[in-house]
>>> print(open('structure28.cif').read())   # mmCIF, C-alpha atoms and all ligand atoms
data_final
#
loop_
_atom_site.label_atom_id
_atom_site.label_comp_id
_atom_site.auth_asym_id
_atom_site.auth_seq_id
_atom_site.Cartn_x
_atom_site.Cartn_y
_atom_site.Cartn_z
CA MET A 1 87.34 -23.66 -77.91
CA GLY A 2 89.30 -22.20 -80.79
CA ALA A 3 90.56 -24.48 -83.51
CA THR A 4 93.99 -22.84 -83.54
CA LEU A 5 96.63 -25.39 -84.50
CA HIS A 6 100.37 -25.42 -84.04
CA ALA A 7 102.91 -27.82 -85.46
CA CYS A 8 104.54 -30.41 -83.19
CA PRO A 9 108.26 -29.47 -83.04
CA THR A 10 109.25 -33.13 -83.44
CA CYS A 11 106.91 -34.62 -86.05
CA ALA A 12 105.17 -31.45 -87.41
CA LEU A 13 101.68 -32.89 -86.75
CA ALA A 14 99.10 -30.09 -86.46
CA VAL A 15 98.10 -30.14 -82.78
CA PRO A 16 95.30 -28.02 -81.24
CA ALA A 17 96.80 -25.09 -79.32
CA GLY A 18 95.39 -26.25 -75.97
CA PHE A 19 97.20 -29.60 -76.11
CA SER A 20 100.26 -30.01 -73.88
CA TYR A 21 101.37 -33.11 -75.81
CA CYS A 22 101.48 -34.45 -79.36
CA PRO A 23 99.25 -37.55 -79.72
CA ARG A 24 101.37 -38.99 -82.55
CA CYS A 25 104.66 -38.64 -80.64
CA ARG A 26 103.09 -40.09 -77.52
CA ALA A 27 101.81 -43.09 -79.46
CA ALA A 28 105.28 -43.51 -80.99
CA ALA A 29 106.94 -43.29 -77.56
CA GLU A 30 104.57 -46.00 -76.31
CA GLU A 31 105.31 -48.10 -79.42
CA ARG A 32 101.72 -48.37 -80.54
CA PRO A 33 100.11 -47.22 -83.79
CA TYR A 34 98.87 -43.62 -83.97
CA ASP A 35 95.09 -43.41 -84.38
CA PRO A 36 93.90 -39.84 -85.12
CA ASP A 37 90.38 -40.71 -83.90
CA GLU A 38 91.63 -42.01 -80.55
CA VAL A 39 89.97 -40.39 -77.52
CA ASP A 40 92.50 -38.98 -75.09
CA ARG A 41 92.84 -41.30 -72.11
CA HIS A 42 92.37 -38.42 -69.64
CA GLU A 43 89.27 -37.09 -71.41
CA ARG A 44 86.73 -39.08 -69.40
CA GLN A 45 88.17 -38.15 -66.01
CA TYR A 46 88.71 -34.53 -67.07
CA VAL A 47 85.11 -34.04 -68.22
CA LEU A 48 83.73 -35.96 -65.21
CA SER A 49 85.58 -33.71 -62.76
CA LEU A 50 84.44 -30.60 -64.66
CA VAL A 51 80.77 -31.58 -64.64
CA VAL A 52 80.46 -33.39 -61.31
CA LEU A 53 82.98 -31.52 -59.13
CA SER A 54 83.69 -28.04 -60.41
CA LEU A 55 81.61 -26.31 -63.09
CA GLY A 56 78.39 -28.33 -62.79
CA ALA A 57 75.75 -27.57 -65.42
CA ALA A 58 78.06 -24.98 -67.05
CA ALA A 59 80.28 -27.83 -68.28
CA ILE A 60 77.44 -29.82 -69.89
CA PRO A 61 78.14 -28.44 -73.43
CA ARG A 62 81.73 -29.69 -73.09
CA LEU A 63 80.37 -33.08 -71.96
CA LEU A 64 78.03 -33.30 -74.95
CA ARG A 65 80.94 -32.62 -77.36
CA SER A 66 83.13 -35.29 -75.75
CA ARG A 67 83.68 -38.59 -77.57
CA ALA A 68 84.66 -40.35 -74.34
CA PHE A 69 81.07 -40.99 -73.21
CA SER A 70 78.22 -43.07 -74.65
CA PRO A 71 74.87 -41.27 -75.06
CA GLY A 72 73.52 -42.97 -71.92
CA ALA A 73 76.58 -41.96 -69.90
CA LYS A 74 76.19 -38.38 -71.16
CA VAL A 75 72.63 -38.24 -69.83
CA LEU A 76 73.73 -39.66 -66.47
CA VAL A 77 76.68 -37.28 -66.09
CA ALA A 78 74.57 -34.31 -67.25
CA LEU A 79 72.04 -35.15 -64.51
CA LEU A 80 74.88 -35.24 -61.97
CA GLY A 81 75.97 -31.82 -63.24
CA LEU A 82 72.45 -30.45 -62.83
CA ALA A 83 72.29 -31.97 -59.32
CA ASN A 84 75.63 -30.28 -58.52
CA THR A 85 74.36 -26.87 -59.65
CA GLY A 86 70.99 -27.42 -57.96
CA ALA A 87 72.73 -28.23 -54.68
CA VAL A 88 74.82 -25.05 -54.94
CA PHE A 89 71.65 -22.97 -55.30
CA GLY A 90 69.88 -24.97 -52.57
CA ILE A 91 72.71 -24.52 -50.10
CA GLY A 92 73.05 -20.84 -51.03
CA TYR A 93 69.34 -20.32 -50.49
CA ALA A 94 69.32 -22.17 -47.15
CA PHE A 95 72.32 -20.18 -45.96
CA PHE A 96 71.46 -16.63 -47.09
CA TRP A 97 67.67 -16.70 -46.86
CA ARG A 98 67.13 -19.07 -43.90
CA TRP A 99 70.10 -19.57 -41.59
CA LEU A 100 71.64 -16.10 -41.77
CA PRO A 101 68.41 -14.09 -41.15
CA GLU A 102 67.64 -16.45 -38.24
CA GLN A 103 71.02 -15.77 -36.68
CA ALA A 104 70.64 -12.04 -37.27
CA ALA A 105 67.23 -12.11 -35.54
CA ARG A 106 68.76 -13.95 -32.57
CA VAL A 107 71.53 -11.38 -32.29
CA ARG A 108 69.04 -8.53 -32.52
CA ALA A 109 66.87 -10.17 -29.81
CA GLY A 110 69.97 -10.63 -27.65
CA LEU A 111 70.76 -6.96 -28.01
CA GLY A 112 67.19 -6.11 -27.01
CA ARG A 113 66.33 -4.36 -30.24
ZN ZN A 201 104.70 -34.99 -82.65
#
>>> encode(input="structure28.cif", output="structure tokens", more="lines below")
Ligand SMILES: [Zn+2]
Amino acid sequence: MGATLHACPTCALAVPAGFSYCPRCRAAAEERPYDPDEVDRHERQYVLSLVVLSLGAAAIPRLLRSRAFSPGAKVLVALLGLANTGAVFGIGYAFFWRWLPEQAARVRAGLGR
């Protein structure tokens, strides 16, 4: 995650390059005060889907950096991420080292070899 910044074209706030919105302009559009320490409202769901659904344990460093989770929630979500990755390896093992050789043996037996 680079810290490259670019200026918002409307208010000139320095915004991280990965952001698709300006937090100050969004706050202004919603007529509420701009708080630079505010956690993005999509942060929690974004990190949850990374850790629990897609990247698993590989997304745990991103989870630990996030300000959207309490320390207890971080531990819980990190465990879910480890379970995700563990299940991937478990299913991979069961498929390639158990199920597939079994099927191959059946086919070979069927062919009389
Ligand atoms: Zn702006």
>>> closest_atom_pairs(input="structure28.cif", of="chain A", to="ligand ZN 201 (chain A)", cutoff="8 Å", atoms="only C-alpha atoms and all ligand atoms", output="CSV")
residue,atom,partner,partner_atom,distance
A:Ala7,CA,A:ZN201,ZN,7.9
A:Cys8,CA,A:ZN201,ZN,4.6
A:Pro9,CA,A:ZN201,ZN,6.6
A:Thr10,CA,A:ZN201,ZN,5.0
A:Cys11,CA,A:ZN201,ZN,4.1
A:Ala12,CA,A:ZN201,ZN,6.0
A:Leu13,CA,A:ZN201,ZN,5.5
A:Tyr21,CA,A:ZN201,ZN,7.8
A:Cys22,CA,A:ZN201,ZN,4.6
A:Pro23,CA,A:ZN201,ZN,6.7
A:Arg24,CA,A:ZN201,ZN,5.2
A:Cys25,CA,A:ZN201,ZN,4.2
A:Arg26,CA,A:ZN201,ZN,7.4
>>> write_last_selection(input="structure28.cif", atoms="C-alpha atoms", output="short mmCIF file (atom, residue, chain, number, x, y, z; two decimals), in the coordinates of the input")
data_model
loop_
_atom_site.label_atom_id
_atom_site.label_comp_id
_atom_site.auth_asym_id
_atom_site.auth_seq_id
_atom_site.Cartn_x
_atom_site.Cartn_y
_atom_site.Cartn_z
CA ALA A 7 102.91 -27.82 -85.46
CA CYS A 8 104.54 -30.41 -83.19
CA PRO A 9 108.26 -29.47 -83.04
CA THR A 10 109.25 -33.13 -83.44
CA CYS A 11 106.91 -34.62 -86.05
CA ALA A 12 105.17 -31.45 -87.41
CA LEU A 13 101.68 -32.89 -86.75
CA TYR A 21 101.37 -33.11 -75.81
CA CYS A 22 101.48 -34.45 -79.36
CA PRO A 23 99.25 -37.55 -79.72
CA ARG A 24 101.37 -38.99 -82.55
CA CYS A 25 104.66 -38.64 -80.64
CA ARG A 26 103.09 -40.09 -77.52
#
>>> residues_around(input="structure28.cif", residues="Tyr46 (chain A)", least_positions_apart="6", cutoff="12 Å", atoms="all atoms listed in the file", output="VMD selection string")
chain A and resid 40 52 to 55 59 62 to 63 66 68 to 69
>>> closest_residue(input="structure28.cif", among="A:Gln103, A:Ala28, A:Gly56, A:Val47", to="Val88 (chain A)", atoms="only C-alpha atoms")
A:Gly56
>>> atom_distance(input="structure28.cif", atom1="CA of Val75 (chain A)", atom2="CA of Asp35 (chain A)")
27.3 Å
>>> residues_around(input="structure28.cif", residues="Leu82 (chain A)", least_positions_apart="5", cutoff="9 Å", atoms="all atoms listed in the file", output="count of residues only")
8
>>> atom_distance(input="structure28.cif", atom1="CA of Arg67 (chain A)", atom2="CA of Glu38 (chain A)")
9.2 Å
>>> atom_distance(input="structure28.cif", atom1="CA of Gly90 (chain A)", atom2="CA of Lys74 (chain A)")
23.8 Å
>>> decode(input="structure28.cif", residues="region 5-48 of chain A", atoms="N, CA and C atoms", output="tab-separated table (two decimals), in the first residue's frame")
chain	number	residue	atom	x	y	z
A	5	LEU	N	-0.18	10.30	-2.76
A	5	LEU	CA	-1.35	11.15	-2.57
A	5	LEU	C	-1.63	11.92	-3.85
A	6	HIS	N	-2.88	12.25	-4.07
A	6	HIS	CA	-3.20	13.18	-5.16
A	6	HIS	C	-4.22	14.16	-4.61
A	7	ALA	N	-4.28	15.33	-5.22
A	7	ALA	CA	-5.15	16.38	-4.70
A	7	ALA	C	-6.56	16.20	-5.25
A	8	CYS	N	-7.56	16.32	-4.38
A	8	CYS	CA	-8.96	16.31	-4.83
A	8	CYS	C	-9.17	17.48	-5.78
A	9	PRO	N	-9.76	17.24	-6.97
A	9	PRO	CA	-9.94	18.34	-7.93
A	9	PRO	C	-10.89	19.42	-7.43
A	10	THR	N	-11.74	19.10	-6.47
A	10	THR	CA	-12.71	20.08	-5.98
A	10	THR	C	-12.18	20.88	-4.78
A	11	CYS	N	-11.66	20.16	-3.77
A	11	CYS	CA	-11.29	20.87	-2.54
A	11	CYS	C	-9.79	20.81	-2.28
A	12	ALA	N	-9.01	20.13	-3.14
A	12	ALA	CA	-7.55	20.07	-3.05
A	12	ALA	C	-7.04	19.28	-1.84
A	13	LEU	N	-7.94	18.55	-1.14
A	13	LEU	CA	-7.48	17.70	-0.05
A	13	LEU	C	-6.57	16.60	-0.61
A	14	ALA	N	-5.48	16.30	0.09
A	14	ALA	CA	-4.59	15.22	-0.34
A	14	ALA	C	-5.26	13.89	-0.03
A	15	VAL	N	-5.55	13.13	-1.08
A	15	VAL	CA	-6.30	11.87	-0.95
A	15	VAL	C	-5.39	10.73	-1.39
A	16	PRO	N	-5.33	9.62	-0.65
A	16	PRO	CA	-4.52	8.48	-1.10
A	16	PRO	C	-4.91	8.04	-2.50
A	17	ALA	N	-3.93	7.64	-3.31
A	17	ALA	CA	-4.16	7.35	-4.72
A	17	ALA	C	-5.22	6.27	-4.93
A	18	GLY	N	-5.35	5.31	-4.01
A	18	GLY	CA	-6.31	4.23	-4.20
A	18	GLY	C	-7.75	4.65	-3.99
A	19	PHE	N	-7.98	5.82	-3.41
A	19	PHE	CA	-9.35	6.23	-3.08
A	19	PHE	C	-10.11	6.65	-4.33
A	20	SER	N	-11.36	6.21	-4.44
A	20	SER	CA	-12.19	6.60	-5.58
A	20	SER	C	-13.10	7.75	-5.18
A	21	TYR	N	-12.90	8.33	-4.00
A	21	TYR	CA	-13.75	9.43	-3.55
A	21	TYR	C	-12.90	10.32	-2.64
A	22	CYS	N	-13.37	11.52	-2.40
A	22	CYS	CA	-12.71	12.44	-1.47
A	22	CYS	C	-13.54	12.45	-0.19
A	23	PRO	N	-12.97	12.06	0.95
A	23	PRO	CA	-13.77	11.99	2.19
A	23	PRO	C	-14.34	13.35	2.61
A	24	ARG	N	-13.56	14.44	2.35
A	24	ARG	CA	-14.06	15.75	2.78
A	24	ARG	C	-15.25	16.18	1.93
A	25	CYS	N	-15.15	15.96	0.59
A	25	CYS	CA	-16.27	16.34	-0.29
A	25	CYS	C	-17.50	15.48	0.01
A	26	ARG	N	-17.27	14.22	0.33
A	26	ARG	CA	-18.42	13.35	0.62
A	26	ARG	C	-19.12	13.82	1.88
A	27	ALA	N	-18.32	14.14	2.92
A	27	ALA	CA	-18.90	14.65	4.15
A	27	ALA	C	-19.68	15.93	3.87
A	28	ALA	N	-19.10	16.82	3.03
A	28	ALA	CA	-19.78	18.09	2.71
A	28	ALA	C	-21.09	17.82	1.97
A	29	ALA	N	-21.06	16.85	1.03
A	29	ALA	CA	-22.27	16.54	0.26
A	29	ALA	C	-23.36	15.98	1.18
A	30	GLU	N	-22.93	15.30	2.25
A	30	GLU	CA	-23.91	14.72	3.19
A	30	GLU	C	-24.21	15.68	4.33
A	31	GLU	N	-23.67	16.91	4.23
A	31	GLU	CA	-23.93	17.97	5.21
A	31	GLU	C	-23.60	17.55	6.63
A	32	ARG	N	-22.45	16.89	6.78
A	32	ARG	CA	-21.98	16.59	8.13
A	32	ARG	C	-20.53	17.03	8.21
A	33	PRO	N	-20.01	17.24	9.43
A	33	PRO	CA	-18.64	17.72	9.55
A	33	PRO	C	-17.65	16.67	9.06
A	34	TYR	N	-16.53	17.16	8.49
A	34	TYR	CA	-15.48	16.26	8.01
A	34	TYR	C	-14.56	15.90	9.17
A	35	ASP	N	-14.40	14.61	9.41
A	35	ASP	CA	-13.51	14.13	10.47
A	35	ASP	C	-12.40	13.32	9.81
A	36	PRO	N	-11.15	13.84	9.82
A	36	PRO	CA	-10.06	13.13	9.12
A	36	PRO	C	-9.76	11.75	9.71
A	37	ASP	N	-10.17	11.50	10.96
A	37	ASP	CA	-9.90	10.19	11.57
A	37	ASP	C	-11.04	9.20	11.37
A	38	GLU	N	-12.08	9.65	10.66
A	38	GLU	CA	-13.25	8.79	10.44
A	38	GLU	C	-12.85	7.52	9.67
A	39	VAL	N	-13.39	6.37	10.10
A	39	VAL	CA	-13.15	5.13	9.37
A	39	VAL	C	-14.17	5.03	8.25
A	40	ASP	N	-13.68	4.71	7.06
A	40	ASP	CA	-14.59	4.61	5.92
A	40	ASP	C	-15.70	3.62	6.22
A	41	ARG	N	-16.92	3.97	5.82
A	41	ARG	CA	-18.07	3.13	6.20
A	41	ARG	C	-18.06	1.77	5.51
A	42	HIS	N	-17.31	1.65	4.40
A	42	HIS	CA	-17.25	0.36	3.71
A	42	HIS	C	-16.08	-0.49	4.18
A	43	GLU	N	-15.23	0.09	5.04
A	43	GLU	CA	-14.00	-0.58	5.46
A	43	GLU	C	-14.27	-1.96	6.09
A	44	ARG	N	-15.23	-1.99	7.01
A	44	ARG	CA	-15.49	-3.24	7.74
A	44	ARG	C	-15.92	-4.35	6.78
A	45	GLN	N	-16.88	-4.03	5.91
A	45	GLN	CA	-17.37	-5.05	4.98
A	45	GLN	C	-16.29	-5.45	3.98
A	46	TYR	N	-15.51	-4.46	3.53
A	46	TYR	CA	-14.43	-4.73	2.57
A	46	TYR	C	-13.42	-5.72	3.16
A	47	VAL	N	-12.94	-5.42	4.38
A	47	VAL	CA	-11.92	-6.27	5.00
A	47	VAL	C	-12.51	-7.64	5.34
A	48	LEU	N	-13.77	-7.65	5.81
A	48	LEU	CA	-14.42	-8.94	6.12
A	48	LEU	C	-14.48	-9.83	4.88
